[in-house]
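input25.txt (compact mmCIF, C-alpha atoms and all ligand atoms)
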```
# COMPACT_ATOMS: atom_id res chain seq x y z
CA MET A 1 -2.27 -13.69 7.47
CA GLY A 2 1.41 -12.91 8.02
CA ILE A 3 4.14 -12.99 5.37
CA THR A 4 7.89 -13.54 5.87
CA PHE A 5 10.81 -13.14 3.48
CA GLN A 6 13.99 -15.06 4.20
CA ASP A 7 17.14 -14.24 2.21
CA VAL A 8 15.09 -13.45 -0.88
CA ALA A 9 16.66 -12.36 -4.15
CA TYR A 10 15.00 -11.85 -7.51
CA THR A 11 16.57 -11.45 -10.94
CA TYR A 12 14.52 -10.57 -14.03
CA GLN A 13 15.26 -12.72 -17.08
CA ALA A 14 17.76 -14.77 -15.11
CA GLY A 15 20.17 -16.77 -17.21
CA THR A 16 19.78 -14.52 -20.29
CA PRO A 17 22.05 -11.72 -21.51
CA PHE A 18 19.33 -9.29 -20.30
CA GLU A 19 19.27 -10.46 -16.69
CA SER A 20 18.97 -7.75 -14.05
CA GLN A 21 18.88 -8.22 -10.33
CA ALA A 22 15.94 -6.32 -8.81
CA LEU A 23 16.01 -7.67 -5.22
CA HIS A 24 18.72 -9.03 -2.96
CA ASP A 25 19.12 -9.98 0.72
CA ILE A 26 15.49 -9.36 1.63
CA ASN A 27 14.58 -10.38 5.18
CA LEU A 28 11.35 -8.97 6.53
CA THR A 29 8.05 -9.77 8.17
CA ILE A 30 4.64 -8.35 7.42
CA ALA A 31 2.56 -9.08 10.51
CA ASP A 32 -0.99 -10.39 10.36
CA GLN A 33 -3.51 -7.50 10.38
CA SER A 34 -0.81 -4.86 10.12
CA PHE A 35 -0.94 -1.84 7.81
CA THR A 36 2.45 -1.73 6.14
CA ALA A 37 3.64 1.09 3.89
CA ILE A 38 6.45 0.42 1.42
CA ILE A 39 8.36 3.51 0.38
CA GLY A 40 11.49 3.99 -1.71
CA HIS A 41 12.90 5.83 -4.66
CA THR A 42 11.72 4.87 -8.15
CA GLY A 43 13.38 1.62 -9.28
CA SER A 44 14.23 0.58 -5.68
CA GLY A 45 12.30 -2.69 -6.05
CA LYS A 46 8.91 -1.96 -4.42
CA SER A 47 6.71 -3.42 -7.17
CA THR A 48 8.97 -6.43 -7.58
CA LEU A 49 8.81 -7.03 -3.83
CA VAL A 50 5.01 -6.93 -3.61
CA GLN A 51 4.62 -9.29 -6.54
CA HIS A 52 6.24 -11.90 -4.29
CA LEU A 53 3.44 -11.49 -1.74
CA ASN A 54 1.04 -13.59 -3.81
CA ALA A 55 3.66 -15.56 -5.74
CA LEU A 56 3.05 -13.67 -8.95
CA LEU A 57 6.84 -13.73 -8.93
CA LYS A 58 8.77 -16.52 -7.24
CA PRO A 59 12.14 -15.73 -5.63
CA THR A 60 15.23 -16.60 -7.65
CA SER A 61 16.69 -17.61 -4.29
CA GLY A 62 15.39 -17.68 -0.72
CA THR A 63 11.93 -18.37 0.70
CA VAL A 64 8.72 -16.37 0.99
CA THR A 65 6.30 -17.77 3.59
CA ILE A 66 2.72 -16.64 3.01
CA GLY A 67 0.47 -17.89 5.82
CA ASP A 68 1.25 -21.61 5.84
CA ARG A 69 2.56 -21.74 2.25
CA GLN A 70 6.27 -21.65 1.49
CA ILE A 71 7.30 -20.29 -1.91
CA THR A 72 10.78 -21.12 -3.16
CA PRO A 73 12.34 -21.08 -6.64
CA GLU A 74 11.22 -24.71 -7.00
CA THR A 75 7.54 -24.10 -6.17
CA ASN A 76 5.19 -25.47 -8.80
CA ASN A 77 3.03 -22.84 -10.49
CA LYS A 78 0.03 -25.15 -10.51
CA ASN A 79 -1.22 -24.92 -6.92
CA LEU A 80 -1.14 -21.19 -6.43
CA LYS A 81 -4.83 -20.39 -7.02
CA PRO A 82 -5.87 -20.50 -3.32
CA LEU A 83 -2.97 -18.20 -2.51
CA ARG A 84 -4.00 -15.69 -5.17
CA GLN A 85 -7.48 -15.67 -3.62
CA LYS A 86 -6.13 -15.01 -0.12
CA VAL A 87 -3.77 -12.23 -1.22
CA GLY A 88 -5.51 -9.66 -3.41
CA MET A 89 -3.40 -7.38 -5.56
CA VAL A 90 -4.52 -3.95 -6.75
CA PHE A 91 -2.06 -2.84 -9.44
CA GLN A 92 -1.27 0.74 -10.41
CA PHE A 93 -4.19 2.27 -12.35
CA PRO A 94 -6.42 -0.78 -11.73
CA GLU A 95 -9.25 0.86 -13.70
CA ASN A 96 -7.30 -0.06 -16.85
CA GLN A 97 -8.21 -3.68 -16.14
CA LEU A 98 -11.98 -3.10 -16.17
CA PHE A 99 -13.47 -4.65 -19.28
CA GLU A 100 -17.06 -5.90 -18.74
CA GLU A 101 -20.13 -4.05 -20.01
CA THR A 102 -21.53 -3.43 -16.51
CA VAL A 103 -20.05 -2.72 -13.10
CA ALA A 104 -21.89 -5.77 -11.67
CA LYS A 105 -20.34 -8.13 -14.26
CA ASP A 106 -16.89 -6.72 -13.71
CA ILE A 107 -17.00 -7.26 -9.93
CA ALA A 108 -18.57 -10.72 -10.36
CA PHE A 109 -15.93 -11.87 -12.86
CA GLY A 110 -13.35 -13.08 -10.31
CA PRO A 111 -15.74 -15.05 -8.05
CA MET A 112 -17.37 -16.72 -11.11
CA ASN A 113 -13.94 -17.62 -12.39
CA PHE A 114 -13.41 -19.34 -9.05
CA GLY A 115 -16.64 -21.33 -9.43
CA MET A 116 -19.31 -19.15 -7.78
CA SER A 117 -22.81 -19.31 -9.35
CA ALA A 118 -24.01 -16.31 -11.36
CA THR A 119 -26.73 -15.54 -8.75
CA ASP A 120 -24.31 -15.62 -5.80
CA ALA A 121 -21.71 -13.63 -7.74
CA ALA A 122 -24.32 -10.94 -8.53
CA LYS A 123 -25.19 -10.72 -4.82
CA LYS A 124 -21.49 -10.52 -4.01
CA ALA A 125 -21.04 -7.70 -6.54
CA ALA A 126 -23.79 -5.65 -4.85
CA GLU A 127 -22.24 -6.26 -1.41
CA MET A 128 -18.75 -5.28 -2.59
CA LEU A 129 -19.96 -2.11 -4.29
CA ASP A 130 -21.48 -1.07 -0.98
CA LEU A 131 -18.24 -2.01 0.83
CA VAL A 132 -16.23 0.39 -1.35
CA GLY A 133 -18.80 3.11 -0.64
CA LEU A 134 -20.54 3.33 -4.04
CA PRO A 135 -24.34 3.42 -4.54
CA ALA A 136 -26.24 0.37 -5.85
CA GLU A 137 -27.54 2.27 -8.90
CA LEU A 138 -24.06 2.04 -10.42
CA LEU A 139 -24.32 -1.76 -10.72
CA GLU A 140 -25.94 -1.73 -14.16
CA ARG A 141 -23.88 1.19 -15.48
CA SER A 142 -20.92 0.76 -17.78
CA PRO A 143 -17.69 1.04 -15.73
CA PHE A 144 -16.42 3.38 -18.43
CA ASP A 145 -19.08 6.01 -17.64
CA LEU A 146 -17.78 6.48 -14.10
CA SER A 147 -15.35 9.04 -12.71
CA GLY A 148 -11.69 8.07 -12.31
CA GLY A 149 -12.07 7.61 -8.54
CA GLN A 150 -15.27 5.56 -8.95
CA MET A 151 -13.67 3.32 -11.60
CA ARG A 152 -10.81 2.68 -9.27
CA ARG A 153 -13.16 1.72 -6.45
CA VAL A 154 -15.01 -0.68 -8.76
CA ALA A 155 -11.68 -2.31 -9.65
CA ILE A 156 -10.85 -2.63 -5.93
CA ALA A 157 -14.33 -4.10 -5.32
CA GLY A 158 -13.46 -6.80 -7.89
CA VAL A 159 -10.38 -7.74 -5.86
CA LEU A 160 -12.33 -7.66 -2.57
CA ALA A 161 -14.98 -9.96 -4.07
CA MET A 162 -12.44 -12.77 -3.75
CA ALA A 163 -12.54 -12.26 0.05
CA PRO A 164 -8.77 -11.81 0.45
CA GLU A 165 -7.09 -11.76 3.87
CA VAL A 166 -4.29 -9.54 2.59
CA LEU A 167 -4.83 -6.52 0.32
CA ILE A 168 -1.85 -5.15 -1.60
CA LEU A 169 -2.18 -1.73 -3.20
CA ASP A 170 0.47 -0.37 -5.56
CA GLU A 171 0.07 3.44 -5.44
CA PRO A 172 -3.74 3.32 -5.27
CA THR A 173 -4.12 7.11 -5.27
CA ALA A 174 -1.81 7.90 -8.21
CA GLY A 175 -3.38 10.51 -10.51
CA LEU A 176 -6.34 11.28 -8.21
CA ASP A 177 -7.14 14.75 -6.88
CA PRO A 178 -6.88 15.33 -3.09
CA ALA A 179 -10.57 14.51 -2.54
CA GLY A 180 -10.26 11.26 -4.55
CA ARG A 181 -7.13 10.41 -2.59
CA ARG A 182 -8.84 10.92 0.76
CA GLU A 183 -11.80 8.78 -0.37
CA ILE A 184 -9.59 5.86 -1.41
CA MET A 185 -7.43 6.06 1.71
CA GLY A 186 -10.52 6.34 3.94
CA MET A 187 -11.94 3.25 2.28
CA VAL A 188 -8.71 1.30 2.71
CA THR A 189 -8.54 2.25 6.40
CA ARG A 190 -12.15 1.14 6.89
CA LEU A 191 -11.36 -2.23 5.29
CA HIS A 192 -8.29 -2.60 7.47
CA GLU A 193 -10.16 -1.78 10.68
CA GLN A 194 -13.55 -3.39 10.05
CA GLN A 195 -12.67 -6.39 7.88
CA LYS A 196 -9.36 -7.01 9.73
CA LEU A 197 -7.53 -7.03 6.41
CA THR A 198 -3.75 -7.01 6.39
CA VAL A 199 -2.87 -4.06 4.15
CA VAL A 200 0.35 -3.49 2.20
CA LEU A 201 0.55 -0.10 0.51
CA ILE A 202 3.18 1.20 -1.90
CA THR A 203 3.09 4.97 -1.78
CA HIS A 204 5.04 8.13 -2.47
CA HIS A 205 2.77 10.14 -0.14
CA MET A 206 4.46 10.50 3.21
CA GLU A 207 1.29 12.05 4.70
CA ASP A 208 -0.51 8.77 3.98
CA VAL A 209 2.29 6.81 5.63
CA ALA A 210 2.07 9.04 8.72
CA ASN A 211 -1.73 8.96 8.87
CA TYR A 212 -2.54 5.35 8.09
CA ALA A 213 0.40 2.92 8.37
CA ASP A 214 1.62 1.21 11.53
CA HIS A 215 4.74 -0.28 9.91
CA VAL A 216 7.08 1.08 7.23
CA ILE A 217 9.57 -0.67 4.94
CA VAL A 218 12.07 1.59 3.18
CA MET A 219 13.51 0.08 0.01
CA GLU A 220 16.78 1.20 -1.55
CA HIS A 221 18.74 -0.31 -4.45
CA GLY A 222 16.78 -3.58 -4.34
CA THR A 223 17.00 -4.24 -0.63
CA VAL A 224 15.49 -3.14 2.69
CA ALA A 225 17.25 -0.02 3.99
CA LYS A 226 15.12 0.48 7.13
CA VAL A 227 11.99 -0.85 8.84
CA GLY A 228 10.04 0.60 11.75
CA GLN A 229 6.96 2.46 12.87
CA PRO A 230 6.26 5.74 11.04
CA SER A 231 7.21 7.71 14.17
CA GLU A 232 10.65 6.04 14.11
CA ILE A 233 11.21 6.24 10.34
CA PHE A 234 10.38 9.95 10.15
CA GLN A 235 12.80 10.99 12.91
CA ASP A 236 15.78 11.10 10.56
CA VAL A 237 14.63 13.83 8.20
CA GLU A 238 18.02 14.29 6.49
CA TRP A 239 18.42 10.56 5.87
CA LEU A 240 15.05 10.48 4.08
CA GLN A 241 15.60 13.73 2.18
CA LYS A 242 18.95 12.46 0.90
CA ARG A 243 16.97 9.60 -0.64
CA GLN A 244 14.46 12.08 -2.08
CA LEU A 245 11.74 10.52 0.05
CA GLY A 246 10.70 13.50 2.11
CA VAL A 247 8.72 13.51 5.34
CA PRO A 248 5.21 14.68 6.28
CA GLU A 249 4.88 18.48 6.04
CA THR A 250 4.33 18.79 9.80
CA THR A 251 7.51 16.83 10.52
CA GLU A 252 9.52 18.96 8.10
CA PHE A 253 8.18 22.14 9.74
CA ALA A 254 9.05 20.78 13.21
CA ALA A 255 12.58 19.92 12.03
CA ARG A 256 13.01 23.55 10.91
CA LEU A 257 11.76 24.78 14.28
CA GLN A 258 14.21 22.42 15.97
CA LYS A 259 17.07 24.18 14.17
CA ARG A 260 15.76 27.47 15.61
CA GLY A 261 15.97 26.14 19.14
CA PHE A 262 12.61 24.50 19.80
CA LYS A 263 12.87 21.17 21.61
CA PHE A 264 11.15 17.95 20.58
CA THR A 265 11.71 14.61 22.30
CA ARG A 266 10.40 13.12 19.00
CA LEU A 267 9.60 15.01 15.82
CA PRO A 268 5.79 15.12 15.54
CA LEU A 269 3.98 13.59 12.52
CA THR A 270 0.62 15.30 12.92
CA GLU A 271 -0.59 18.83 13.69
CA VAL A 272 -2.06 17.70 17.01
CA GLU A 273 1.30 16.23 18.09
CA LEU A 274 3.04 19.40 16.92
CA ALA A 275 0.68 21.66 18.88
CA ALA A 276 1.08 19.54 22.03
CA ALA A 277 4.88 19.73 21.79
CA LEU A 278 4.99 23.47 21.00
CA LEU A 279 2.46 24.94 23.41
CA PRO A 280 4.57 24.58 26.59
CA GLN A 281 7.51 26.23 24.79
CA LEU A 282 5.71 29.34 23.58
CA PRO A 283 5.77 32.58 25.60
CA ARG A 284 2.50 33.07 27.52
CA GLU A 285 1.45 36.17 25.55
CA ALA A 286 1.76 34.21 22.28
CA VAL A 287 -0.84 31.64 23.36
CA SER A 288 -3.27 33.95 25.17
CA GLN A 289 -6.78 34.21 23.72
CA PRO A 290 -7.86 37.48 21.99
CA HIS A 291 -10.67 37.98 24.57
CA ASP A 292 -8.04 37.95 27.37
CA GLU A 293 -7.01 41.47 26.35
N1 LIG B 301 9.93 -6.75 -16.30
C1 LIG B 301 11.16 -6.31 -15.99
N2 LIG B 301 12.25 -6.76 -16.67
C2 LIG B 301 13.49 -6.32 -16.34
N3 LIG B 301 13.77 -5.47 -15.32
C3 LIG B 301 12.73 -5.00 -14.62
C4 LIG B 301 11.36 -5.39 -14.91
N4 LIG B 301 10.55 -4.76 -14.02
C5 LIG B 301 11.35 -4.02 -13.22
N5 LIG B 301 12.65 -4.14 -13.58
C6 LIG B 301 13.82 -3.50 -12.94
O1 LIG B 301 13.86 -3.91 -11.58
C7 LIG B 301 14.23 -2.83 -10.73
C8 LIG B 301 13.14 -2.62 -9.67
O2 LIG B 301 11.96 -2.19 -10.32
P1 LIG B 301 10.57 -2.01 -9.57
O3 LIG B 301 9.52 -1.74 -10.62
O4 LIG B 301 10.35 -3.15 -8.66
O5 LIG B 301 10.86 -0.70 -8.72
P2 LIG B 301 9.84 0.30 -7.99
O6 LIG B 301 10.51 0.71 -6.72
O7 LIG B 301 8.50 -0.32 -7.89
O8 LIG B 301 9.79 1.54 -8.99
P3 LIG B 301 8.60 2.62 -9.26
O9 LIG B 301 8.47 3.46 -8.00
O10 LIG B 301 9.13 3.41 -10.42
O11 LIG B 301 7.35 1.84 -9.58
C9 LIG B 301 14.44 -1.62 -11.64
O12 LIG B 301 15.81 -1.53 -11.91
C10 LIG B 301 13.67 -1.98 -12.88
O13 LIG B 301 14.24 -1.38 -14.02
```
Go through the file and emit its structure as structure tokens.
Amino acid sequence: MGITFQDVAYTYQAGTPFESQALHDINLTIADQSFTAIIGHTGSGKSTLVQHLNALLKPTSGTVTIGDRQITPETNNKNLKPLRQKVGMVFQFPENQLFEETVAKDIAFGPMNFGMSATDAAKKAAEMLDLVGLPAELLERSPFDLSGGQMRRVAIAGVLAMAPEVLILDEPTAGLDPAGRREIMGMVTRLHEQQKLTVVLITHHMEDVANYADHVIVMEHGTVAKVGQPSEIFQDVEWLQKRQLGVPETTEFAARLQKRGFKFTRLPLTEVELAAALLPQLPREAVSQPHDE
């Protein structure tokens, strides 16, 4: 399901002395089945933007088109339930929202709330636990006995149980160690590829943007500063560094080599790309194998 923003602005507490404009002049498209990363400095409007993707917030002006639904400032709050089902939102630290006594009940909560029978919801919970890569024996455990990474996957399973077409993740790896981060990102990629989910990811990890996303939106001061593929966005290293956004380590290394005279038609994002670009430029003796001697 694709999503389009047309001239969207959003002001918190509009019409009060505390009003503050968080978004302005937003025009963008998130294509069906794409994997979009949203990056930007803290306070640039990323979380506010994604809350428009399932009409948790409605624009103060402009239109957000989500599939075949148009959301405007006048949209009635009453008929938004089907939309919330189609666009699943995983907030920061989603494990804080776990509350049931067992993992199974927690995952089944959403579907039952939407009218599914207890038996079907229990089946769904088992399926979803498997989908997020956790073993069935966790179903009857308390969610609070699990590791941080496992709790987070249970919370994501609860969102997936609603069978969304779009999955929004607000910094899903925050606070996890590198192994936990790889597990979550691997799981998200699997969902994107196998379930054909449209994924929208807010992240501060440029390696994740380089490795997983096919589309990037850079937010700055409440509006879109740049959009493009990761390979395009990461070409302008100085532009990103000025915004304290950084680039993948490999790209940064290649940019330093470029200053020392190495040539790149495009700055590489991955080690394989870097090696392919460097090998023809290295003196023969530098690339010869030890057993050649
Ligand atoms: N509930 C709120 N009431 C008033 N202002 C808010 C509220 N939530 C966010 N803001 C303001 O809106 C602007 C955008 O905030 P937002 O949380 O969308 O940014 P962000 O890019 O997601 O930041 P972070 O990376 O720190 O999560 C900021 O100036 C913020 O202070």
Please report the interatomic distance between CA of Arg84 (chain A) and CA of Leu197 (chain A) in Å with one decimal.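 CA of Leu197 (chain A) lies at a distance of 14.9 Å from CA of Arg84 (chain A).
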Find the distance between CA of Pro248 (chain A) and atom N4 of ligand LIG 301 (chain B) and write it in Å to one decimal. 28.6 Å
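In terms of minimum interatomic distance to Ile184 (chain A), A:Gly149 ranks closest within A:Val200, A:Gly149, A:Ala22, A:Thr223, counting only C-alpha atoms.
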Excluding Phe144 (chain A) and any residue of its chain fewer than 3 positions from it, enumerate the residues within 12 Å of it, using all atoms listed in the file, and give them as a PyMOL selection string. chain A and resi 95-103+106+138+140-141+147-152+154-155
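Using only C-alpha atoms and all ligand atoms for every distance, the candidate list A:Glu220, A:Asp214, A:Glu127, A:Glu271 yields A:Glu220 as the residue closest to ligand LIG 301 (chain B).
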Give me, please, the distance in Å between CA of Gln235 (chain A) and CA of His24 (chain A), quoted to one decimal. 26.2 Å
Here is a test: counting all atoms listed in the file, which residue of A:Ile217, A:Val199, A:Met112, A:Ile66 is nearest to ligand LIG 301 (chain B)? A:Ile217
Please identify all protein, DNA and RNA residues within 7 Å of ligand LIG 301 (chain B), counting all atoms listed in the file, and report them as JSON, numbers by chain. {"A": [12, 13, 20, 21, 22, 40, 41, 42, 43, 44, 45, 46, 47, 48, 49, 222]}
Just C-alpha atoms for this one: save the residues we selected as a tab-separated table (two decimals), in the coordinates of the input.
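Everything below was put into result23.tsv:
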```tsv
chain	number	residue	atom	x	y	z
A	12	TYR	CA	14.52	-10.57	-14.03
A	13	GLN	CA	15.26	-12.72	-17.08
A	20	SER	CA	18.97	-7.75	-14.05
A	21	GLN	CA	18.88	-8.22	-10.33
A	22	ALA	CA	15.94	-6.32	-8.81
A	40	GLY	CA	11.49	3.99	-1.71
A	41	HIS	CA	12.90	5.83	-4.66
A	42	THR	CA	11.72	4.87	-8.15
A	43	GLY	CA	13.38	1.62	-9.28
A	44	SER	CA	14.23	0.58	-5.68
A	45	GLY	CA	12.30	-2.69	-6.05
A	46	LYS	CA	8.91	-1.96	-4.42
A	47	SER	CA	6.71	-3.42	-7.17
A	48	THR	CA	8.97	-6.43	-7.58
A	49	LEU	CA	8.81	-7.03	-3.83
A	222	GLY	CA	16.78	-3.58	-4.34
```
A:Thr36, A:Ala125, A:Phe253, A:Asp25: which is nearest Tyr212 (chain A), counting only C-alpha atoms?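 For Tyr212 (chain A), the nearest of the candidates is A:Thr36.
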As a list in words, please: the residues near Ile107 (chain A) (cut-off 9 Å, only C-alpha atoms, same-chain neighbours under 6 positions excluded). Glu100, Ala121, Ala122, Lys124, Ala125, Ala126, Met128, Leu129, Val154, Ala155, Ile156, Ala157, Gly158, Val159, Leu160 and Ala161 of chain A
Which is closer to Gly88 (chain A) than all the others in A:Thr173, A:Asn211, A:Thr75, A:Thr198, using only C-alpha atoms?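 That would be A:Thr198, the residue with the smallest distance to Gly88 (chain A).
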Identify which of the residues A:Met162, A:Val8, A:Thr63, A:Pro230 lies closest to Lys81 (chain A), counting only C-alpha atoms when measuring atom-to-atom distances.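 Checking each of A:Met162, A:Val8, A:Thr63, A:Pro230 against Lys81 (chain A), counting only C-alpha atoms, the winner is A:Met162.
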